[in-house]
file upload17.csv (CSV, C-alpha atoms and all ligand atoms)
chain,number,residue,atom,x,y,z
A,1454,MET,CA,92.0,98.3,107.1
A,1455,THR,CA,91.8,100.0,110.6
A,1456,ASN,CA,95.5,99.5,111.2
A,1457,GLN,CA,96.4,101.0,107.8
A,1458,LEU,CA,94.4,104.1,108.6
A,1459,PHE,CA,96.6,104.8,111.6
A,1460,ASP,CA,99.9,103.6,110.0
A,1461,LEU,CA,102.5,106.4,109.8
A,1462,THR,CA,105.3,104.3,108.2
A,1463,GLY,CA,107.4,106.5,105.9
A,1464,LYS,CA,106.2,109.8,107.5
A,1465,VAL,CA,108.5,112.3,109.2
A,1466,ALA,CA,107.0,114.0,112.3
A,1467,LEU,CA,108.4,117.0,114.2
A,1468,VAL,CA,107.0,117.5,117.7
A,1469,THR,CA,108.2,120.8,119.2
A,1470,GLY,CA,109.1,120.7,122.9
A,1471,GLY,CA,109.0,116.9,122.8
A,1472,THR,CA,111.5,116.0,125.5
A,1473,HIS,CA,108.8,115.3,128.1
A,1474,GLY,CA,105.1,115.8,129.0
A,1475,ILE,CA,102.4,116.0,126.3
A,1476,GLY,CA,105.0,116.5,123.5
A,1477,MET,CA,106.8,113.3,124.4
A,1478,ALA,CA,103.5,111.4,124.7
A,1479,ILE,CA,102.5,112.6,121.2
A,1480,ALA,CA,105.9,111.8,119.7
A,1481,LEU,CA,105.8,108.3,121.2
A,1482,ALA,CA,102.3,107.6,119.8
A,1483,LEU,CA,103.4,108.8,116.3
A,1484,GLY,CA,106.7,106.8,116.5
A,1485,LYS,CA,104.9,103.6,117.6
A,1486,ALA,CA,102.7,104.1,114.5
A,1487,GLY,CA,105.8,104.1,112.3
A,1488,ALA,CA,106.7,107.7,111.9
A,1489,LYS,CA,110.3,108.9,112.0
A,1490,ILE,CA,110.4,111.3,115.0
A,1491,ALA,CA,112.2,114.6,115.4
A,1492,VAL,CA,111.9,116.7,118.6
A,1493,ASN,CA,113.4,120.0,119.5
A,1494,ASP,CA,113.9,121.8,122.8
A,1495,LEU,CA,115.8,124.7,124.2
A,1496,SER,CA,117.9,122.4,126.4
A,1497,GLU,CA,120.6,120.1,125.0
A,1498,GLU,CA,120.6,118.3,128.4
A,1499,LYS,CA,116.9,117.5,128.2
A,1500,LEU,CA,117.3,116.4,124.6
A,1501,THR,CA,120.1,114.0,125.5
A,1502,SER,CA,118.2,112.6,128.5
A,1503,CYS,CA,115.0,112.1,126.5
A,1504,LYS,CA,116.8,109.9,123.9
A,1505,ALA,CA,117.0,107.1,126.5
A,1506,GLU,CA,113.3,107.2,127.2
A,1507,TYR,CA,112.5,107.1,123.5
A,1508,ALA,CA,114.9,104.2,123.0
A,1509,LYS,CA,113.1,102.2,125.7
A,1510,GLU,CA,110.1,102.4,123.5
A,1511,GLY,CA,112.1,101.4,120.4
A,1512,ILE,CA,112.2,104.9,118.9
A,1513,ASP,CA,115.4,106.4,117.6
A,1514,VAL,CA,114.4,110.0,118.1
A,1515,TYR,CA,116.2,112.7,116.1
A,1516,THR,CA,116.9,115.6,118.5
A,1517,LEU,CA,117.9,119.2,117.9
A,1518,VAL,CA,118.2,122.4,119.8
A,1519,PHE,CA,116.3,125.4,118.5
A,1520,ASP,CA,114.1,128.1,119.9
A,1521,VAL,CA,110.7,128.0,118.2
A,1522,THR,CA,110.4,131.8,118.4
A,1523,ASN,CA,113.6,132.4,116.4
A,1524,GLU,CA,112.9,132.3,112.6
A,1525,THR,CA,116.5,131.7,111.6
A,1526,ALA,CA,116.9,128.9,114.1
A,1527,VAL,CA,113.6,127.3,113.0
A,1528,ASP,CA,114.7,127.5,109.3
A,1529,LYS,CA,118.1,125.9,110.2
A,1530,GLY,CA,116.5,123.2,112.3
A,1531,ILE,CA,113.9,122.2,109.7
A,1532,SER,CA,116.6,122.1,107.0
A,1533,GLU,CA,118.6,119.7,109.3
A,1534,ILE,CA,115.5,117.5,109.6
A,1535,GLU,CA,114.9,117.6,105.9
A,1536,LYS,CA,118.5,116.6,105.2
A,1537,ASN,CA,118.6,113.8,107.8
A,1538,LEU,CA,115.1,112.4,107.9
A,1539,GLY,CA,113.3,113.9,104.9
A,1540,PRO,CA,110.6,116.6,104.5
A,1541,VAL,CA,108.3,117.1,107.5
A,1542,ASP,CA,104.9,115.4,106.8
A,1543,ILE,CA,103.5,116.0,110.3
A,1544,LEU,CA,104.1,119.1,112.4
A,1545,VAL,CA,102.9,119.2,116.0
A,1546,ASN,CA,103.2,122.7,117.4
A,1547,ASN,CA,103.4,121.6,121.1
A,1548,ALA,CA,106.1,123.8,122.6
A,1549,GLY,CA,104.5,126.3,125.0
A,1550,ILE,CA,104.8,128.1,128.3
A,1551,ILE,CA,102.3,129.6,130.8
A,1552,LYS,CA,102.7,132.4,133.3
A,1553,ARG,CA,100.1,132.6,136.1
A,1554,ILE,CA,100.1,136.3,137.0
A,1555,PRO,CA,97.1,138.7,137.6
A,1556,ILE,CA,96.7,141.1,134.7
A,1557,LEU,CA,97.6,144.2,136.8
A,1558,ASP,CA,100.7,142.5,138.1
A,1559,MET,CA,101.9,141.1,134.8
A,1560,PRO,CA,104.7,143.0,133.1
A,1561,VAL,CA,103.9,143.6,129.4
A,1562,ALA,CA,107.2,141.9,128.5
A,1563,ASP,CA,105.9,138.7,130.2
A,1564,PHE,CA,102.6,138.9,128.3
A,1565,LYS,CA,104.5,139.3,125.0
A,1566,GLN,CA,106.8,136.3,125.8
A,1567,VAL,CA,103.8,134.0,126.3
A,1568,ILE,CA,102.2,135.3,123.0
A,1569,ASP,CA,105.5,134.8,121.2
A,1570,ILE,CA,106.0,131.2,122.3
A,1571,ASP,CA,102.3,130.0,122.3
A,1572,LEU,CA,101.0,131.9,119.3
A,1573,VAL,CA,103.7,133.4,117.1
A,1574,ALA,CA,106.0,130.4,117.2
A,1575,PRO,CA,103.3,128.0,115.8
A,1576,LEU,CA,103.0,130.4,112.9
A,1577,ILE,CA,106.7,130.6,112.4
A,1578,VAL,CA,107.2,126.8,112.3
A,1579,ALA,CA,104.1,126.2,110.2
A,1580,LYS,CA,105.2,128.9,107.7
A,1581,ARG,CA,108.5,127.0,107.3
A,1582,VAL,CA,107.0,123.5,106.7
A,1583,ALA,CA,103.7,124.3,105.0
A,1584,PRO,CA,105.2,125.2,101.5
A,1585,GLY,CA,106.6,121.7,101.2
A,1586,MET,CA,103.3,120.1,102.3
A,1587,ILE,CA,101.4,122.3,99.8
A,1588,GLN,CA,103.9,121.3,97.0
A,1589,ARG,CA,103.5,117.6,97.9
A,1590,ARG,CA,99.8,118.0,98.2
A,1591,GLN,CA,99.7,116.4,101.6
A,1592,GLY,CA,100.5,117.3,105.2
A,1593,LYS,CA,99.3,117.4,108.8
A,1594,ILE,CA,99.6,120.3,111.2
A,1595,ILE,CA,98.5,120.0,114.8
A,1596,ASN,CA,98.5,123.1,116.9
A,1597,MET,CA,98.4,122.6,120.7
A,1598,CYS,CA,95.4,124.7,121.9
A,1599,SER,CA,93.8,124.4,125.3
A,1600,MET,CA,90.6,124.7,127.3
A,1601,MET,CA,91.8,128.3,127.5
A,1602,SER,CA,91.2,128.6,123.8
A,1603,VAL,CA,87.5,129.0,124.8
A,1604,TYR,CA,87.7,129.9,128.5
A,1605,GLY,CA,89.4,132.6,130.5
A,1606,ARG,CA,90.3,132.2,134.1
A,1607,ASN,CA,92.1,134.5,136.5
A,1608,THR,CA,95.9,134.9,136.2
A,1609,VAL,CA,96.2,133.3,132.8
A,1610,SER,CA,95.5,136.3,130.6
A,1611,ALA,CA,98.5,135.9,128.3
A,1612,TYR,CA,98.1,132.2,127.9
A,1613,ALA,CA,94.4,132.3,127.2
A,1614,SER,CA,94.9,135.2,124.7
A,1615,ALA,CA,97.6,133.1,122.9
A,1616,LYS,CA,95.6,129.8,122.9
A,1617,GLY,CA,92.4,131.6,121.9
A,1618,GLY,CA,94.3,133.2,119.0
A,1619,LEU,CA,95.9,129.8,118.1
A,1620,LYS,CA,92.4,128.3,117.8
A,1621,LEU,CA,91.5,130.9,115.1
A,1622,LEU,CA,95.0,130.7,113.5
A,1623,THR,CA,94.3,127.0,113.1
A,1624,ALA,CA,91.0,127.8,111.4
A,1625,THR,CA,92.6,130.3,109.1
A,1626,MET,CA,95.4,127.9,108.1
A,1627,CYS,CA,92.6,125.5,107.2
A,1628,CYS,CA,90.9,128.2,105.0
A,1629,GLU,CA,94.2,128.8,103.1
A,1630,TRP,CA,95.7,125.3,102.9
A,1631,ALA,CA,93.0,122.7,103.0
A,1632,LYS,CA,92.6,122.9,99.2
A,1633,TYR,CA,96.1,121.4,98.9
A,1634,ASN,CA,95.2,118.4,101.0
A,1635,VAL,CA,96.9,119.8,104.1
A,1636,GLN,CA,94.9,119.2,107.3
A,1637,ILE,CA,95.5,121.7,110.1
A,1638,ASN,CA,93.7,121.0,113.4
A,1639,GLY,CA,94.1,121.8,117.1
A,1640,ILE,CA,94.1,119.7,120.2
A,1641,GLY,CA,92.6,121.3,123.3
A,1642,PRO,CA,93.7,119.3,126.3
A,1643,GLY,CA,91.8,119.7,129.6
A,1644,TYR,CA,93.8,119.4,132.8
A,1645,ILE,CA,96.7,117.1,132.2
A,1646,ALA,CA,99.2,115.9,134.8
A,1647,THR,CA,102.5,117.3,133.6
A,1648,ALA,CA,105.3,119.7,134.8
A,1649,GLN,CA,103.2,122.6,133.5
A,1650,THR,CA,100.3,121.9,135.9
A,1651,ALA,CA,102.4,120.6,138.8
A,1652,PRO,CA,102.2,124.0,140.6
A,1653,ILE,CA,98.4,123.8,140.7
A,1654,ARG,CA,98.1,120.1,141.2
A,1655,GLU,CA,100.8,118.9,143.7
A,1656,GLY,CA,100.8,119.3,147.5
A,1657,ASN,CA,97.0,118.9,147.8
A,1658,HIS,CA,96.5,122.2,146.0
A,1659,PRO,CA,92.9,123.4,146.2
A,1660,PHE,CA,92.8,123.6,142.4
A,1661,ASN,CA,92.4,119.9,142.4
A,1662,ASP,CA,88.9,120.3,143.8
A,1663,LEU,CA,88.1,122.6,140.9
A,1664,VAL,CA,89.4,120.2,138.3
A,1665,MET,CA,87.5,117.3,139.9
A,1666,THR,CA,84.1,119.2,139.9
A,1667,ARG,CA,84.6,120.6,136.4
A,1668,THR,CA,85.9,117.3,134.9
A,1669,PRO,CA,83.0,114.8,134.6
A,1670,ALA,CA,85.6,112.0,134.1
A,1671,GLY,CA,86.7,112.8,137.7
A,1672,ARG,CA,90.4,112.7,137.0
A,1673,TRP,CA,93.4,114.6,135.7
A,1674,GLY,CA,94.2,113.6,132.1
A,1675,GLU,CA,97.4,111.8,131.3
A,1676,PRO,CA,99.8,112.9,128.5
A,1677,GLU,CA,99.0,109.6,126.8
A,1678,ASP,CA,95.3,110.6,126.5
A,1679,VAL,CA,96.5,113.5,124.4
A,1680,GLY,CA,99.0,111.4,122.4
A,1681,ASN,CA,96.2,109.0,121.3
A,1682,ALA,CA,94.1,111.9,120.0
A,1683,ALA,CA,97.1,113.3,118.2
A,1684,LEU,CA,97.6,109.9,116.4
A,1685,PHE,CA,94.1,110.3,115.0
A,1686,LEU,CA,94.8,113.9,113.7
A,1687,ALA,CA,98.1,112.8,112.3
A,1688,SER,CA,96.7,109.8,110.4
A,1689,LYS,CA,94.7,109.2,107.2
A,1690,ALA,CA,91.7,108.6,109.5
A,1691,SER,CA,91.3,112.4,109.9
A,1692,ASN,CA,91.8,113.4,106.2
A,1693,PHE,CA,88.4,115.2,106.1
A,1694,VAL,CA,88.8,116.8,109.5
A,1695,ASN,CA,90.1,120.4,109.1
A,1696,GLY,CA,90.2,123.6,111.1
A,1697,HIS,CA,88.8,121.7,114.1
A,1698,VAL,CA,89.9,121.7,117.7
A,1699,LEU,CA,89.6,118.3,119.3
A,1700,TYR,CA,89.1,118.7,123.0
A,1701,VAL,CA,90.7,116.0,125.1
A,1702,ASP,CA,89.3,117.1,128.4
A,1703,GLY,CA,87.3,114.3,130.2
A,1704,GLY,CA,84.1,116.2,129.4
A,1705,ILE,CA,84.9,119.7,130.9
A,1706,LEU,CA,83.5,121.6,127.9
A,1707,ALA,CA,80.2,119.7,128.2
A,1708,ASN,CA,79.9,120.4,131.9
A,1709,PHE,CA,78.6,123.5,133.8
A,1710,GLY,CA,79.6,121.8,137.0
A,1711,TYR,CA,77.8,119.7,139.7
A,1712,VAL,CA,77.5,119.4,143.4
A,1713,LYS,CA,79.7,116.5,144.8
A,1714,GLY,CA,77.6,113.4,145.5
A,1715,GLU,CA,74.7,114.5,143.3
A,1716,ASN,CA,73.2,111.5,141.4
A,1717,ASP,CA,76.5,109.5,142.0
A,1718,LEU,CA,75.6,105.8,141.4
B,1801,LIG,P1,105.6,121.5,129.6
B,1801,LIG,O1,105.9,120.3,130.4
B,1801,LIG,O2,105.9,122.9,130.1
B,1801,LIG,O3,106.5,121.3,128.2
B,1801,LIG,C1,106.5,122.4,127.3
B,1801,LIG,C2,107.7,122.1,126.4
B,1801,LIG,O4,107.9,123.2,125.5
B,1801,LIG,C3,109.0,121.9,127.1
B,1801,LIG,O5,109.7,120.8,126.5
B,1801,LIG,C4,109.7,123.2,126.8
B,1801,LIG,O6,111.1,123.1,126.8
B,1801,LIG,C5,109.3,123.5,125.4
B,1801,LIG,N1,109.5,124.9,125.1
B,1801,LIG,C6,109.0,126.0,125.8
B,1801,LIG,N2,109.4,127.1,125.1
B,1801,LIG,C7,110.1,126.7,124.1
B,1801,LIG,C8,110.8,127.4,123.0
B,1801,LIG,N3,110.9,128.8,123.0
B,1801,LIG,N4,111.5,126.7,122.1
B,1801,LIG,C9,111.4,125.4,122.1
B,1801,LIG,N5,110.8,124.6,123.1
B,1801,LIG,C10,110.2,125.3,124.0
B,1801,LIG,O7,104.1,121.5,129.1
B,1801,LIG,P2,103.0,120.4,128.8
B,1801,LIG,O8,102.1,120.3,129.9
B,1801,LIG,O9,103.7,119.1,128.3
B,1801,LIG,O10,102.3,121.1,127.6
B,1801,LIG,C11,102.7,121.0,126.3
B,1801,LIG,C12,101.7,121.8,125.4
B,1801,LIG,O11,100.3,121.5,125.8
B,1801,LIG,C13,101.8,123.3,125.7
B,1801,LIG,O12,101.6,124.0,124.5
B,1801,LIG,C14,100.7,123.6,126.7
B,1801,LIG,O13,100.3,125.0,126.7
B,1801,LIG,C15,99.7,122.7,126.2
B,1801,LIG,N6,98.6,122.3,127.2
B,1801,LIG,C16,99.0,121.7,128.3
B,1801,LIG,C17,97.9,121.3,129.2
B,1801,LIG,C18,98.2,120.7,130.5
B,1801,LIG,O14,97.2,120.6,131.3
B,1801,LIG,N7,99.4,120.2,130.8
B,1801,LIG,C19,96.6,121.6,128.9
B,1801,LIG,C20,96.3,122.2,127.7
B,1801,LIG,C21,97.3,122.6,126.8
B,1801,LIG,P3,111.9,123.3,128.2
B,1801,LIG,O15,111.4,122.3,129.2
B,1801,LIG,O16,113.4,123.2,127.8
B,1801,LIG,O17,111.6,124.7,128.7
B,1802,LIG,C1,95.8,126.6,134.3
B,1802,LIG,C2,96.3,125.4,133.6
B,1802,LIG,C3,95.6,125.3,132.3
B,1802,LIG,C4,96.1,124.1,131.6
B,1802,LIG,C5,95.4,123.9,130.3
B,1802,LIG,C6,93.9,123.7,130.4
B,1802,LIG,O1,96.6,127.3,135.0
B,1802,LIG,O2,94.6,126.9,134.2
B,1802,LIG,O3,97.7,125.4,133.5
B,1802,LIG,O4,95.8,126.4,131.5
B,1802,LIG,O5,97.4,124.2,131.3
B,1802,LIG,O6,95.7,124.9,129.4
B,1802,LIG,O7,93.4,123.4,129.1
call {"tool": "encode", "arguments": {"input": "upload17.csv", "output": "structure tokens"}}
result
Amino acid sequence: MTNQLFDLTGKVALVTGGTHGIGMAIALALGKAGAKIAVNDLSEEKLTSCKAEYAKEGIDVYTLVFDVTNETAVDKGISEIEKNLGPVDILVNNAGIIKRIPILDMPVADFKQVIDIDLVAPLIVAKRVAPGMIQRRQGKIINMCSMMSVYGRNTVSAYASAKGGLKLLTATMCCEWAKYNVQINGIGPGYIATAQTAPIREGNHPFNDLVMTRTPAGRWGEPEDVGNAALFLASKASNFVNGHVLYVDGGILANFGYVKGENDL
């Protein structure tokens, strides 16, 4: 029974920005559970090179280039997936960027770009796939939120504004679409070791100390940690979970912080 709950055989999943990092980990988890996988990216080169990595895991990934902020390109891309794989049953709005710039130094255009990709694009892609899910009376949408859906921190104003908005967009999608048996949830990763966090993780960066004291698990998360949580939200096991953000953060949200060495066993 347990295996059936997490069996995605016959499902079609689109993971945006799935050529590496968290997106790839999610797509691999869903593919290994039986889903047919489509991933998009901005870069043809990255899409070509990721195919070999998916193939190593026995997954024949369907790849296509489209910019998630471009409504026409999204419509064309989803139509291609529908034609070649079938209707999208599982959408993971993973694609995203971050700009770490103090508010007073950040050009408004940069702020708007982050909002466009991290908040407006999940809306664009969800609006394209939700009607079919509603008609079929079933579907799963997973929006990639963040710790910054509930916390601010210096230099990430645009990113936190987008991810905070995405948390509430997820809730509102739930309010409008849950009655059609569509589950829309978020995932809020903590600090995960990917290209996006490399600038604040590598080269003995002092940010590591902050992550270690704020993360009770005492480590950076791995993309696979997020992939496993996504499998739950993409499967029948979560059919009564809706409008929720599942934090995959090693305990950060539960923790005010502690002095190193305090009550260490
Ligand atoms: P990443 O390594 O920067 O990957 C982001 C992906 O999104 C890349 O494949 C990128 O493609 C793609 N992308 C960006 N803009 C796009 C656009 N306009 N159209 C299509 N694809 C686009 O990031 P990550 O660390 O794996 O994070 C993935 C998601 O998790 C993001 O939404 C991020 O905000 C979120 N998140 C990450 C962490 C973390 O600690 N890493 C924590 C919380 C939340 P290119 O490479 O071609 O630009
Ligand atoms: C940062 C990090 C974070 C992580 C993630 C935390 O600069 O603080 O990049 O924003 O990416 O969003 O959940």
call {"tool": "residues_near_point", "arguments": {"input": "upload17.csv", "point": "(114.7, 126.9, 115.2)", "cutoff": "6 Å", "atoms": "only C-alpha atoms", "output": "JSON, numbers by chain"}}
result
{"A": [1519, 1520, 1521, 1523, 1526, 1527, 1528, 1530]}
call {"tool": "residues_around", "arguments": {"input": "upload17.csv", "residues": "range 1540-1554 of chain A", "least_positions_apart": "2", "cutoff": "6 Å", "atoms": "only C-alpha atoms", "output": "list in words"}}
result
Lys1464, Val1465, Ala1466, Leu1467, Val1468, Thr1469, Gly1470, Gly1476, Glu1535, Met1559, Ile1570, Asp1571, Pro1575, Gly1592, Lys1593, Ile1594, Ile1595, Asn1596, Met1597, Thr1608, Val1609 and Tyr1612 of chain A
call {"tool": "closest_atom_pairs", "arguments": {"input": "upload17.csv", "of": "chain A", "to": "ligand LIG 1802 (chain B)", "cutoff": "7 Å", "atoms": "only C-alpha atoms and all ligand atoms", "output": "tab-separated table"}}
result
residue	atom	partner	partner_atom	distance
A:Ile1551	CA	B:LIG1802	O3	6.8
A:Arg1553	CA	B:LIG1802	O1	6.4
A:Ser1599	CA	B:LIG1802	O7	3.9
A:Met1600	CA	B:LIG1802	O7	3.6
A:Met1601	CA	B:LIG1802	O7	5.4
A:Arg1606	CA	B:LIG1802	O2	6.8
A:Val1609	CA	B:LIG1802	O1	6.4
A:Gly1641	CA	B:LIG1802	O7	6.2
A:Pro1642	CA	B:LIG1802	O7	5.0
A:Gly1643	CA	B:LIG1802	O7	4.1
A:Tyr1644	CA	B:LIG1802	C6	4.9
A:Gln1649	CA	B:LIG1802	O3	6.2
A:Thr1650	CA	B:LIG1802	O3	5.0
A:Ile1653	CA	B:LIG1802	O1	6.9
call {"tool": "residues_around", "arguments": {"input": "upload17.csv", "residues": "Val1561 in chain A", "least_positions_apart": "6", "cutoff": "12 Å", "atoms": "all atoms listed in the file", "output": "JSON, numbers by chain"}}
result
{"A": [1552, 1554, 1555, 1567, 1568, 1610, 1611]}
call {"tool": "closest_residue", "arguments": {"input": "upload17.csv", "among": "A:Thr1522, A:Asn1708, A:Thr1625, A:Asn1692", "to": "Met1665 in chain A", "atoms": "only C-alpha atoms"}}
result
A:Asn1708
call {"tool": "residues_around", "arguments": {"input": "upload17.csv", "residues": "range 1507-1509 of chain A", "least_positions_apart": "3", "cutoff": "12 Å", "atoms": "only C-alpha atoms", "output": "list in words"}}
result
Gly1471, Thr1472, His1473, Met1477, Ala1478, Ile1479, Ala1480, Leu1481, Ala1482, Leu1483, Gly1484, Lys1485, Lys1489, Ile1490, Ala1491, Val1492, Leu1500, Thr1501, Ser1502, Cys1503, Lys1504, Ile1512, Asp1513, Val1514, Tyr1515 and Thr1516 of chain A
call {"tool": "atom_distance", "arguments": {"input": "upload17.csv", "atom1": "atom N6 of ligand LIG 1801 (chain B)", "atom2": "CA of Ala1683 in chain A"}}
result
12.8 Å
call {"tool": "atom_distance", "arguments": {"input": "upload17.csv", "atom1": "CA of Met1586 in chain A", "atom2": "CA of Val1635 in chain A"}}
result
6.7 Å
call {"tool": "atom_distance", "arguments": {"input": "upload17.csv", "atom1": "CA of Lys1565 in chain A", "atom2": "atom N5 of ligand LIG 1801 (chain B)"}}
result
16.1 Å
call {"tool": "decode", "arguments": {"input": "upload17.csv", "residues": "range 1658-1692 of chain A", "atoms": "C-alpha atoms", "output": "PDB file, in the first residue's frame"}}
result
ATOM      1  CA  HIS A1658      32.361  32.240   3.689  1.00  0.00           C
ATOM      2  CA  PRO A1659      31.285  33.575   7.120  1.00  0.00           C
ATOM      3  CA  PHE A1660      27.659  32.886   6.153  1.00  0.00           C
ATOM      4  CA  ASN A1661      28.425  29.226   6.895  1.00  0.00           C
ATOM      5  CA  ASP A1662      28.639  30.094  10.613  1.00  0.00           C
ATOM      6  CA  LEU A1663      25.178  31.660  10.461  1.00  0.00           C
ATOM      7  CA  VAL A1664      23.701  28.637   8.697  1.00  0.00           C
ATOM      8  CA  MET A1665      25.312  26.274  11.214  1.00  0.00           C
ATOM      9  CA  THR A1666      24.001  28.153  14.275  1.00  0.00           C
ATOM     10  CA  ARG A1667      20.536  28.697  12.791  1.00  0.00           C
ATOM     11  CA  THR A1668      20.144  25.125  11.483  1.00  0.00           C
ATOM     12  CA  PRO A1669      19.638  22.637  14.350  1.00  0.00           C
ATOM     13  CA  ALA A1670      20.540  19.766  11.979  1.00  0.00           C
ATOM     14  CA  GLY A1671      23.971  21.421  11.769  1.00  0.00           C
ATOM     15  CA  ARG A1672      24.419  21.034   8.031  1.00  0.00           C
ATOM     16  CA  TRP A1673      23.521  22.549   4.680  1.00  0.00           C
ATOM     17  CA  GLY A1674      20.637  20.730   3.033  1.00  0.00           C
ATOM     18  CA  GLU A1675      21.156  18.667  -0.103  1.00  0.00           C
ATOM     19  CA  PRO A1676      18.927  19.014  -3.194  1.00  0.00           C
ATOM     20  CA  GLU A1677      17.779  15.419  -2.598  1.00  0.00           C
ATOM     21  CA  ASP A1678      16.339  16.480   0.789  1.00  0.00           C
ATOM     22  CA  VAL A1679      13.983  18.749  -1.146  1.00  0.00           C
ATOM     23  CA  GLY A1680      13.335  16.145  -3.865  1.00  0.00           C
ATOM     24  CA  ASN A1681      12.066  13.683  -1.271  1.00  0.00           C
ATOM     25  CA  ALA A1682       9.627  16.242   0.160  1.00  0.00           C
ATOM     26  CA  ALA A1683       8.408  17.048  -3.350  1.00  0.00           C
ATOM     27  CA  LEU A1684       7.624  13.375  -3.963  1.00  0.00           C
ATOM     28  CA  PHE A1685       5.246  13.471  -0.976  1.00  0.00           C
ATOM     29  CA  LEU A1686       3.503  16.621  -2.256  1.00  0.00           C
ATOM     30  CA  ALA A1687       3.282  15.185  -5.790  1.00  0.00           C
ATOM     31  CA  SER A1688       1.757  11.885  -4.641  1.00  0.00           C
ATOM     32  CA  LYS A1689      -1.595  10.574  -3.455  1.00  0.00           C
ATOM     33  CA  ALA A1690      -0.158  10.572   0.078  1.00  0.00           C
ATOM     34  CA  SER A1691      -0.742  14.356   0.256  1.00  0.00           C
ATOM     35  CA  ASN A1692      -4.250  14.483  -1.267  1.00  0.00           C
TER      36      ASN A1692
END
